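*Asks:* Data file structure36.cif (mmCIF, C-alpha atoms) is appended below.
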data_start
loop_
_atom_site.label_atom_id
_atom_site.label_comp_id
_atom_site.auth_asym_id
_atom_site.auth_seq_id
_atom_site.Cartn_x
_atom_site.Cartn_y
_atom_site.Cartn_z
CA MET A 1 127.67 36.19 194.61
CA ASN A 2 129.86 36.83 191.59
CA LEU A 3 128.49 33.81 189.83
CA SER A 4 124.98 34.93 190.49
CA THR A 5 125.76 38.39 189.26
CA SER A 6 127.41 37.01 186.14
CA SER A 7 124.41 34.89 185.36
CA PHE A 8 122.14 37.89 185.79
CA ASN A 9 124.26 40.04 183.47
CA GLU A 10 124.33 37.38 180.79
CA LYS A 11 120.58 36.95 181.08
CA GLY A 12 120.08 40.68 181.00
CA ILE A 13 122.22 41.01 177.93
CA LYS A 14 120.30 38.24 176.25
CA ASN A 15 117.05 39.95 177.14
CA MET A 16 118.35 43.23 175.78
CA ASP A 17 119.45 41.49 172.57
CA THR A 18 116.00 40.05 172.24
CA SER A 19 114.44 43.48 172.88
CA ILE A 20 116.68 45.11 170.30
CA THR A 21 115.82 42.48 167.77
CA THR A 22 112.14 43.00 168.43
CA ASP A 23 112.49 46.79 168.10
CA GLU A 24 114.37 46.40 164.85
CA GLN A 25 111.70 44.09 163.53
CA ALA A 26 108.98 46.55 164.56
CA SER A 27 110.87 49.45 163.00
CA SER A 28 111.47 47.47 159.84
CA ALA A 29 107.81 46.49 159.67
CA GLN A 30 106.80 50.09 160.22
CA THR A 31 109.18 51.27 157.49
CA LEU A 32 107.81 48.63 155.17
CA ALA A 33 104.26 49.70 156.00
CA HIS A 34 105.15 53.34 155.30
CA ALA A 35 106.71 52.35 152.00
CA GLU A 36 103.61 50.39 151.07
CA ASP A 37 101.45 53.35 152.09
CA ARG A 38 103.54 55.64 149.89
CA GLN A 39 103.21 53.26 146.98
CA VAL A 40 99.46 53.13 147.46
CA PHE A 41 99.33 56.92 147.75
CA ILE A 42 101.44 57.34 144.60
CA LYS A 43 99.28 54.88 142.70
CA ILE A 44 96.09 56.64 143.81
CA THR A 45 97.55 60.03 142.90
CA LEU A 46 98.69 58.78 139.48
CA ALA A 47 95.28 57.22 138.90
CA ILE A 48 93.56 60.50 139.79
CA VAL A 49 95.94 62.55 137.60
CA LEU A 50 95.62 60.15 134.67
CA GLY A 51 91.86 60.05 135.11
CA MET A 52 91.70 63.85 135.11
CA MET A 53 93.94 64.02 132.03
CA VAL A 54 91.80 61.51 130.17
CA ALA A 55 88.62 63.32 131.22
CA MET A 56 90.06 66.71 130.20
CA GLY A 57 91.20 65.23 126.90
CA LEU A 58 87.74 63.87 126.19
CA VAL A 59 86.17 67.21 127.12
CA ARG A 60 88.54 69.06 124.79
CA LEU A 61 87.86 66.63 121.96
CA PHE A 62 84.13 67.09 122.45
CA LEU A 63 84.40 70.88 122.59
CA ASP A 64 86.68 71.06 119.55
CA ALA A 65 84.27 68.86 117.61
CA ASN A 66 81.54 71.40 118.38
CA GLY A 67 83.69 74.44 117.54
CA ALA A 68 83.99 75.45 121.21
CA ASN A 69 87.55 76.73 121.05
CA LYS A 70 89.34 80.02 120.57
CA GLN A 71 89.14 79.80 116.79
CA GLY A 72 85.48 78.83 116.80
CA ILE A 73 84.41 81.44 119.34
CA LEU A 74 86.54 84.38 118.16
CA GLY A 75 87.20 83.39 114.57
CA ARG A 76 86.64 86.81 113.02
CA VAL A 77 88.63 88.54 115.77
CA LEU A 78 91.60 86.21 115.42
CA GLN A 79 91.58 86.45 111.63
CA ALA A 80 91.55 90.25 111.80
CA GLN A 81 94.31 90.23 114.40
CA ALA A 82 96.42 87.93 112.20
CA ALA A 83 95.96 90.38 109.32
CA VAL A 84 97.43 93.35 111.22
CA PRO A 85 101.05 92.76 110.07
CA LYS A 86 99.86 92.75 106.45
CA ILE A 87 97.83 95.91 107.07
CA ILE A 88 100.86 97.61 108.61
CA ALA A 89 102.86 96.76 105.48
CA GLU A 90 100.34 98.46 103.15
CA PRO A 91 101.96 101.34 101.23
CA ASN A 92 98.95 103.69 101.47
CA ASP A 93 97.78 105.74 104.42
CA LEU A 94 95.66 103.60 106.71
CA VAL A 95 92.13 104.00 108.05
CA MET A 96 90.51 101.64 110.56
CA PHE A 97 86.89 101.64 111.71
CA TYR A 98 86.78 99.83 115.06
CA GLY A 99 83.54 98.81 116.73
CA SER A 100 80.70 96.34 117.10
CA SER A 101 78.67 94.31 114.64
CA MET A 102 76.99 97.60 113.71
CA THR A 103 80.33 98.77 112.33
CA ARG A 104 80.75 95.45 110.56
CA ALA A 105 77.39 95.93 108.84
CA GLY A 106 77.58 99.68 108.31
CA PHE A 107 80.99 100.47 106.82
CA SER A 108 82.13 99.50 103.31
CA PRO A 109 85.90 100.11 103.17
CA ARG A 110 86.30 99.18 99.52
CA LYS A 111 83.67 101.70 98.45
CA PHE A 112 85.28 104.24 100.78
CA ASP A 113 88.70 103.70 99.19
CA ARG A 114 87.40 103.70 95.60
CA ASP A 115 85.63 107.01 96.08
CA LEU A 116 88.70 108.53 97.74
CA GLN A 117 90.85 107.33 94.87
CA LYS A 118 88.64 109.31 92.48
CA MET A 119 89.59 112.35 94.58
CA GLY A 120 93.26 111.55 94.14
CA LYS A 121 93.71 110.07 97.63
CA ASP A 122 95.38 106.68 98.08
CA ILE A 123 93.91 105.14 101.22
CA SER A 124 93.62 101.58 102.51
CA SER A 125 90.79 101.29 105.02
CA PHE A 126 89.66 98.29 107.05
CA ASN A 127 86.53 97.20 108.86
CA PHE A 128 87.28 96.06 112.42
CA GLY A 129 83.69 95.58 113.55
CA PHE A 130 83.10 92.53 115.75
CA GLY A 131 79.88 91.13 117.13
CA GLY A 132 79.70 89.72 120.65
CA LEU A 133 82.38 91.94 122.21
CA ASN A 134 81.62 94.49 124.90
CA PRO A 135 83.96 97.48 125.54
CA TYR A 136 86.04 95.51 128.06
CA TYR A 137 86.84 92.84 125.50
CA GLN A 138 87.37 95.51 122.84
CA ASP A 139 89.82 97.24 125.17
CA LEU A 140 91.90 94.06 125.47
CA LEU A 141 91.84 93.55 121.71
CA SER A 142 92.81 97.16 120.99
CA ARG A 143 95.89 96.69 123.20
CA ARG A 144 97.01 93.81 121.00
CA ILE A 145 96.51 95.91 117.86
CA ALA A 146 98.38 98.84 119.40
CA GLU A 147 101.32 96.62 120.32
CA GLN A 148 101.74 95.50 116.72
CA PHE A 149 101.53 99.02 115.25
CA ILE A 150 103.90 100.50 117.82
CA GLU A 151 106.41 97.69 117.38
CA LYS A 152 106.59 98.47 113.64
CA ASP A 153 106.50 102.25 114.21
CA ARG A 154 103.42 102.57 111.97
CA LYS A 155 100.43 104.84 112.50
CA LEU A 156 96.85 105.02 111.33
CA LYS A 157 96.03 108.16 109.41
CA LEU A 158 92.50 108.00 110.82
CA ALA A 159 90.93 105.79 113.47
CA LEU A 160 87.13 105.77 113.63
CA ILE A 161 85.86 104.26 116.88
CA GLU A 162 82.23 103.38 117.44
CA PHE A 163 80.65 104.15 120.79
CA ASN A 164 77.70 101.78 121.06
CA PRO A 165 75.43 102.82 123.97
CA PHE A 166 73.49 99.56 124.35
CA GLN A 167 76.74 97.59 124.28
CA THR A 168 77.84 99.48 127.40
CA THR A 169 74.89 98.72 129.68
CA SER A 170 74.78 96.75 132.93
CA THR A 171 72.41 94.28 131.26
CA ARG A 172 74.95 93.59 128.52
CA TRP A 173 77.72 93.20 131.11
CA ASN A 174 75.75 90.81 133.30
CA ARG A 175 74.83 88.63 130.34
CA ALA A 176 78.50 88.37 129.36
CA LYS A 177 79.82 87.25 132.74
CA PHE A 178 79.62 83.54 131.87
CA SER A 179 82.18 84.17 129.10
CA LEU A 180 84.37 86.59 131.06
CA ASP A 181 87.18 84.24 132.12
CA SER A 182 87.39 82.59 128.70
CA PHE A 183 87.49 85.86 126.78
CA ILE A 184 90.12 87.30 129.12
CA THR A 185 92.44 84.39 128.36
CA MET A 186 91.76 84.69 124.63
CA LEU A 187 92.41 88.44 124.42
CA SER A 188 95.00 89.07 127.16
CA ASN A 189 98.72 88.39 126.95
CA ASP A 190 100.65 86.48 129.59
CA ALA A 191 101.98 89.69 131.16
CA GLU A 192 98.42 90.83 131.86
CA LEU A 193 97.48 87.41 133.26
CA TRP A 194 100.63 87.45 135.41
CA GLN A 195 99.57 90.82 136.82
CA ILE A 196 96.20 89.32 137.76
CA LEU A 197 98.04 86.40 139.37
CA GLN A 198 100.09 88.78 141.52
CA GLU A 199 96.96 90.63 142.64
CA ASP A 200 94.79 87.55 143.16
CA LEU A 201 96.64 84.22 143.32
CA SER A 202 93.53 82.05 143.11
CA ARG A 203 92.04 83.91 140.16
CA GLY A 204 95.36 84.05 138.36
CA ILE A 205 95.86 80.28 138.64
CA HIS A 206 92.27 79.82 137.49
CA LEU A 207 92.88 81.91 134.35
CA PHE A 208 96.16 80.18 133.47
CA ASN A 209 94.37 76.85 133.90
CA ILE A 210 91.66 77.95 131.46
CA LYS A 211 94.23 79.20 128.94
CA TYR A 212 96.71 76.34 128.93
CA ILE A 213 94.77 73.32 130.13
CA ARG A 214 91.18 74.00 129.11
CA ASN A 215 92.08 75.55 125.72
CA HIS A 216 90.47 78.89 126.68
CA VAL A 217 87.04 77.38 127.39
CA SER A 218 85.96 77.74 131.02
CA ALA A 219 83.65 75.30 132.74
CA GLU A 220 81.21 78.16 133.28
CA MET A 221 81.05 78.87 129.56
CA VAL A 222 80.31 75.21 128.84
CA THR A 223 77.64 74.80 131.52
CA SER A 224 76.00 78.14 130.68
CA TYR A 225 75.80 77.24 127.00
CA TYR A 226 74.23 73.84 127.54
CA SER A 227 71.92 75.05 130.30
CA ARG A 228 70.54 77.61 127.87
CA GLU A 229 70.07 74.89 125.29
CA ILE A 230 68.22 72.70 127.80
CA PHE A 231 66.36 75.53 129.53
CA PRO A 232 66.09 78.32 126.95
CA PRO A 233 65.18 81.77 128.33
CA GLU A 234 61.68 83.07 127.84
CA ARG A 235 61.40 84.93 124.56
CA GLY A 236 58.61 87.23 125.64
CA GLN A 237 55.96 88.52 123.31
CA ARG A 238 56.33 87.35 119.72
CA PHE A 239 54.90 88.71 116.50
CA LYS A 240 54.39 86.46 113.51
CA ASP A 241 54.45 86.95 109.76
CA ASP A 242 52.00 85.15 107.52
CA LYS A 243 53.00 81.80 106.00
CA GLU A 244 53.48 83.27 102.53
CA THR A 245 56.00 85.82 103.81
CA ILE A 246 57.91 83.17 105.76
CA ALA A 247 58.02 80.87 102.71
CA ALA A 248 59.21 83.71 100.47
CA ARG A 249 61.91 84.63 102.97
CA ARG A 250 63.29 81.10 103.00
CA SER A 251 63.11 80.69 99.24
CA LEU A 252 64.78 84.02 98.49
CA GLY A 253 67.47 83.40 101.11
CA LYS A 254 68.31 80.07 99.51
CA GLU A 255 68.43 81.66 96.06
CA LEU A 256 70.76 84.41 97.24
CA GLY A 257 73.04 81.82 98.80
CA GLU A 258 73.31 79.98 95.50
CA LEU A 259 73.99 83.21 93.62
CA PHE A 260 76.70 84.14 96.11
CA GLU A 261 78.53 80.85 95.52
CA LYS A 262 78.23 81.40 91.78
CA GLU A 263 79.47 84.99 91.82
CA TYR A 264 82.26 84.47 94.37
CA PRO A 265 83.87 81.09 93.59
CA ASP A 266 87.21 82.19 95.10
CA TYR A 267 85.84 83.22 98.49
CA ASP A 268 87.51 81.04 101.13
CA GLY A 269 84.83 81.33 103.79
CA SER A 270 86.82 83.54 106.17
CA ASP A 271 84.90 85.59 108.71
CA TRP A 272 87.40 88.42 108.21
CA TYR A 273 88.40 88.30 104.52
CA TYR A 274 91.44 90.39 103.58
CA PRO A 275 90.48 90.95 99.89
CA TRP A 276 87.26 92.54 101.18
CA GLN A 277 89.15 94.48 103.88
CA GLY A 278 87.10 92.96 106.67
CA ALA A 279 83.69 93.92 105.32
CA GLY A 280 81.33 92.36 102.80
CA THR A 281 80.52 92.55 99.14
CA ILE A 282 79.71 95.75 97.26
CA PRO A 283 76.89 96.34 94.75
CA GLN A 284 79.28 97.02 91.85
CA GLU A 285 80.28 93.34 91.97
CA ARG A 286 76.79 91.91 91.93
CA SER A 287 74.62 91.23 88.94
CA ALA A 288 71.44 93.22 88.28
CA GLU A 289 69.49 90.01 88.87
CA THR A 290 71.04 89.55 92.32
CA LEU A 291 70.38 93.15 93.36
CA ALA A 292 66.74 92.82 92.28
CA ILE A 293 66.36 89.66 94.37
CA PHE A 294 67.83 91.50 97.35
CA ASP A 295 65.01 94.03 97.08
CA ASP A 296 62.47 91.21 97.30
CA TYR A 297 64.40 89.57 100.12
CA TYR A 298 64.46 92.72 102.21
CA ALA A 299 60.72 93.14 101.68
CA ALA A 300 60.21 89.63 103.10
CA THR A 301 62.65 90.01 106.01
CA GLN A 302 62.27 93.59 107.17
CA THR A 303 58.65 93.21 108.15
CA ASP A 304 56.97 94.98 111.04
CA ALA A 305 56.69 91.68 112.92
CA GLN A 306 60.38 90.93 112.52
CA MET A 307 61.36 94.41 113.64
CA LYS A 308 59.12 94.28 116.71
CA ASN A 309 60.55 90.92 117.70
CA ASP A 310 64.09 92.22 117.30
CA ARG A 311 63.28 95.27 119.40
CA LEU A 312 62.03 93.06 122.24
CA SER A 313 65.17 90.97 121.98
CA ARG A 314 67.37 94.04 122.23
CA ILE A 315 65.48 95.35 125.23
CA ARG A 316 65.85 92.03 127.02
CA SER A 317 69.49 91.45 126.13
CA ALA A 318 70.92 94.96 126.13
CA ASP A 319 68.54 97.45 127.78
CA ILE A 320 68.58 99.38 124.51
CA GLU A 321 65.86 101.91 125.37
CA GLU A 322 66.56 102.71 129.04
CA LEU A 323 70.37 102.52 128.91
CA HIS A 324 71.49 101.85 132.47
CA PHE A 325 75.22 102.13 131.89
CA GLU A 326 77.82 99.89 133.54
CA PRO A 327 80.56 102.23 134.88
CA PHE A 328 83.30 99.66 134.29
CA LEU A 329 82.36 99.37 130.61
CA VAL A 330 82.38 103.15 130.19
CA GLU A 331 85.91 103.19 131.65
CA SER A 332 86.85 100.33 129.33
CA PHE A 333 85.65 102.32 126.33
CA ILE A 334 87.82 105.23 127.44
CA GLY A 335 90.69 102.73 127.47
CA ILE A 336 89.95 101.80 123.84
CA VAL A 337 90.20 105.42 122.73
CA LYS A 338 93.45 105.95 124.62
CA ASN A 339 94.92 102.80 123.08
CA PHE A 340 94.18 104.09 119.57
CA GLN A 341 95.54 107.52 120.43
CA ARG A 342 98.94 105.85 120.91
CA PHE A 343 99.25 104.92 117.22
CA SER A 344 96.86 107.15 115.27
CA ASP A 345 97.35 110.60 113.76
CA LYS A 346 93.67 111.34 114.25
CA VAL A 347 91.03 109.56 116.33
CA GLU A 348 87.30 110.15 115.87
CA VAL A 349 84.58 108.65 118.07
CA VAL A 350 81.16 108.21 116.49
CA MET A 351 77.75 106.81 117.34
CA LEU A 352 76.30 104.96 114.36
CA PRO A 353 72.79 105.57 112.95
CA LYS A 354 69.89 104.36 115.10
CA ASN A 355 66.67 102.88 113.78
CA SER A 356 64.46 105.46 115.43
CA ARG A 357 61.31 104.02 113.89
CA TYR A 358 61.51 101.19 116.42
CA ILE A 359 64.06 102.17 119.07
CA HIS A 360 62.99 105.04 121.35
CA TYR A 361 65.10 106.27 124.26
CA THR A 362 63.26 107.17 127.44
CA PRO A 363 63.87 110.70 128.81
CA GLU A 364 65.97 109.18 131.59
CA ALA A 365 68.00 107.22 129.03
CA LYS A 366 68.78 110.40 127.14
CA MET A 367 70.09 111.94 130.36
CA ARG A 368 72.21 108.90 131.16
CA LEU A 369 73.58 108.85 127.60
CA ALA A 370 74.50 112.53 127.78
CA GLN A 371 76.32 111.91 131.06
CA ALA A 372 78.27 108.94 129.60
CA ILE A 373 79.23 111.01 126.55
CA LYS A 374 80.44 113.84 128.77
CA GLN A 375 82.57 111.42 130.82
CA ILE A 376 84.18 109.96 127.70
CA GLU A 377 84.83 113.36 126.14
CA GLN A 378 86.42 114.72 129.30
CA ALA A 379 88.64 111.65 129.74
CA THR A 380 89.83 111.46 126.11
CA GLY A 381 89.70 115.06 124.92
CA ILE A 382 87.66 113.94 121.89
CA LYS A 383 84.17 115.13 121.04
CA ILE A 384 81.82 112.28 120.14
CA ASN A 385 80.12 112.70 116.78
CA ASN A 386 76.49 111.66 117.05
CA HIS A 387 75.35 110.07 113.78
CA GLN A 388 72.27 108.41 115.27
CA ASP A 389 69.72 110.55 113.44
CA ILE A 390 71.48 111.82 110.33
CA LYS A 391 69.17 112.58 107.41
CA GLU A 392 71.31 110.55 105.00
CA VAL A 393 70.12 107.28 106.59
CA ASN A 394 66.45 106.44 106.96
CA ALA A 395 64.53 103.63 108.67
CA ASP A 396 64.16 101.64 105.44
CA MET A 397 67.93 101.11 105.32
CA TYR A 398 68.12 98.67 108.25
CA ARG A 399 68.00 94.88 108.22
CA ASP A 400 66.79 94.89 111.85
CA THR A 401 66.43 97.44 114.64
CA THR A 402 70.18 98.08 114.94
CA HIS A 403 72.16 96.93 111.86
CA LEU A 404 72.25 98.72 108.52
CA SER A 405 71.41 96.58 105.51
CA ARG A 406 73.78 95.52 102.73
CA TYR A 407 73.77 97.69 99.57
CA ARG A 408 71.41 100.18 101.22
CA GLY A 409 72.37 101.31 104.69
CA ASP A 410 76.08 100.53 104.44
CA ILE A 411 76.39 102.44 101.17
CA ALA A 412 74.49 105.47 102.45
CA TYR A 413 76.46 105.61 105.69
CA THR A 414 79.80 105.11 103.95
CA ASP A 415 78.93 108.01 101.66
CA PHE A 416 78.20 110.10 104.74
CA LEU A 417 81.55 109.18 106.32
CA LEU A 418 83.25 110.09 103.08
CA SER A 419 81.73 113.57 103.16
CA GLU A 420 82.73 113.97 106.80
CA TYR A 421 86.33 112.71 106.78
CA ALA A 422 87.70 112.95 103.23
CA LYS A 423 89.13 116.35 104.07
CA VAL A 424 91.36 114.96 106.84
CA LEU A 425 92.87 112.24 104.65
#
Represent the supplied structure as structure tokens.
*Replies:*
Amino acid sequence: MNLSTSSFNEKGIKNMDTSITTDEQASSAQTLAHAEDRQVFIKITLAIVLGMMVAMGLVRLFLDANGANKQGILGRVLQAQAAVPKIIAEPNDLVMFYGSSMTRAGFSPRKFDRDLQKMGKDISSFNFGFGGLNPYYQDLLSRRIAEQFIEKDRKLKLALIEFNPFQTTSTRWNRAKFSLDSFITMLSNDAELWQILQEDLSRGIHLFNIKYIRNHVSAEMVTSYYSREIFPPERGQRFKDDKETIAARRSLGKELGELFEKEYPDYDGSDWYYPWQGAGTIPQERSAETLAIFDDYYAATQTDAQMKNDRLSRIRSADIEELHFEPFLVESFIGIVKNFQRFSDKVEVVMLPKNSRYIHYTPEAKMRLAQAIKQIEQATGIKINNHQDIKEVNADMYRDTTHLSRYRGDIAYTDFLLSEYAKVL
């Protein structure tokens, strides 16, 4: 009995040893399999990450080669922003005209300063007019300007701010949505992006990705741009000039380009050029021959057909005659004014001259405009000065249906501003 039991125990122990060995082998094989799986997973992950990095690098190289980067998209804005420290250091009292491309075309700061100097007033004024920005983007930019002035404890003597009605419409806002995320990352600081991240984690991560990985260029901006190139929007009704006018326009434009290079050999090509205080050339610098050619050029470019085409473009892209305002953009404009009030002795809000020969507000648009003006005035405490139909500027002084022409409209309007604001400087 004991012998039998002993044999059984020994056999049982042997069986257990065998079972343990088998379990260890299975466990070891399983561990090895897991390790191999992890290695495969790591390799796949690294391959995906490296592939994405290479793809993103190629995309960025392609976009940079085509000027699709912060500097290429907002070149004038960035150059003006970089000039702010130098502006702050100017010894004279400072004036800044802040607005759209209409401001860029319509205000001649060097003429403004020269005429004030003849009155015994030492002023340095600057043109901060930028095309392609709606009031929301302008609000973000004005915060950056305010930060620099406040940091240096410097103030503007006078801030002129343009309220552009057709820049504040729902149509203009909807057409800008493809660029929204990119422009936010270009014009916001990290604190503002961090605030967005806290309010909306997904959107915040998306914006930081665009800023630091995609070099400020969102996928939506890229796809929207190329889709418009491949499938351009309908241009609507078009009016045509005769062949002689078109040929003259091209020939005179080429001649003026050659004269510009001859007369301004030191111009460095900047979109915002400090020696010109952010604006363009002035007639006192041009030869009599050049000014005469400009008269011929304007006759060939400011034709009825060209103006009608431009009007249709403005209606389609900005709702310029019916003016259905976007409430968010009106609030953004109020933000611009309040930003300037933080670092300006005096803030004036103006509406620039309107080419009323071609642009006609509907009765409903006039009511909507009056309501928007009332909202802005109540929120800011500033009365908007309406310069849309001043007698000093006539319809022959425009290069299209919205922008004043060089050496005509800009000079006339700058003279008007001088008469209006010299007394406060």
*Asks:* In terms of the shortest atom-to-atom distance over all atoms listed in the file, which of A:Leu404, A:Val347, A:Leu94, A:Leu369 is closest to A:Pro109?
*Replies:*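 Looking at the shortest contact to A:Pro109, the residue is A:Leu94.
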*Asks:* Excluding A:Phe328 and residues on its chain fewer than 3 positions from it, collect all residues at most 9 Å away from it, counting only C-alpha atoms, and give them as a list in words.
*Replies:*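 Answer for this query is Tyr136, Thr168, Phe325, Glu331, Ser332 and Phe333 of chain A.
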*Asks:* Can you work out which one of A:Ile44, A:Leu197, A:Ile390, A:Leu133 has the shortest atom-to-atom distance to A:Ser179, counting all atoms listed in the file?
*Replies:* A:Leu133
*Asks:* Name the residues that the PyMOL selection byres ((chain A and resi 81) around 12) picks from the file above, as an MDAnalysis selection string, using the file's chain letters and numbers.
*Replies:* chainID A and resid 71 74:80 82:88 126:130 140:149 186:187 271:274 278
*Asks:* Kindly resolve the PyMOL selection byres ((chain A and resi 218) around 10) on the present coordinates and return the residues as a PyMOL selection string.
*Replies:* chain A and resi 178-183+185+206-207+209-211+213-217+219-224
*Asks:* Could you state the separation of atom CA of A:Val95 and atom CA of A:Gly381 in Å, given to one decimal place?
*Replies:*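 Going from atom CA of A:Val95 over to atom CA of A:Gly381 covers 20.3 Å.
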*Asks:* Quick check on the file I pasted: which residues fall under the PyMOL selection byres ((chain A and resi 321) around 8)? Write them as a VMD selection string.
*Replies:* chain A and resid 315 319 to 320 322 to 323 359 to 362 365
*Asks:* Given the choices A:Ile336, A:Val349, A:Ile246, A:Ala279, which gets closest to A:Thr303 if the distance is worked out from all atoms listed in the file?
*Replies:*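 Ranking A:Ile336, A:Val349, A:Ile246, A:Ala279 by distance to A:Thr303, first place goes to A:Ile246.
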*Asks:* Between A:Gln306, A:Ser317, A:Ser419, A:Gln388, which one has atoms that come closest to A:Met102, using only C-alpha atoms?
*Replies:* A:Gln388
*Asks:* Output, as AutoDock Vina command-line options, the centre and edge lengths in Å (one decimal) of the axis-aligned box that contains all listed atoms of stretch 341-344 of chain A with 4 Å of margin on each side.
*Replies:*
--center_x 97.4 --center_y 106.2 --center_z 118.1 --size_x 11.7 --size_y 10.6 --size_z 13.6
*Asks:* Measuring between all atoms listed in the file, which one of A:Pro327, A:Gly131, A:Lys262, A:Met351 shows the shortest distance to A:Gln375?
*Replies:*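 Closest to A:Gln375, using all atoms listed in the file: A:Pro327.
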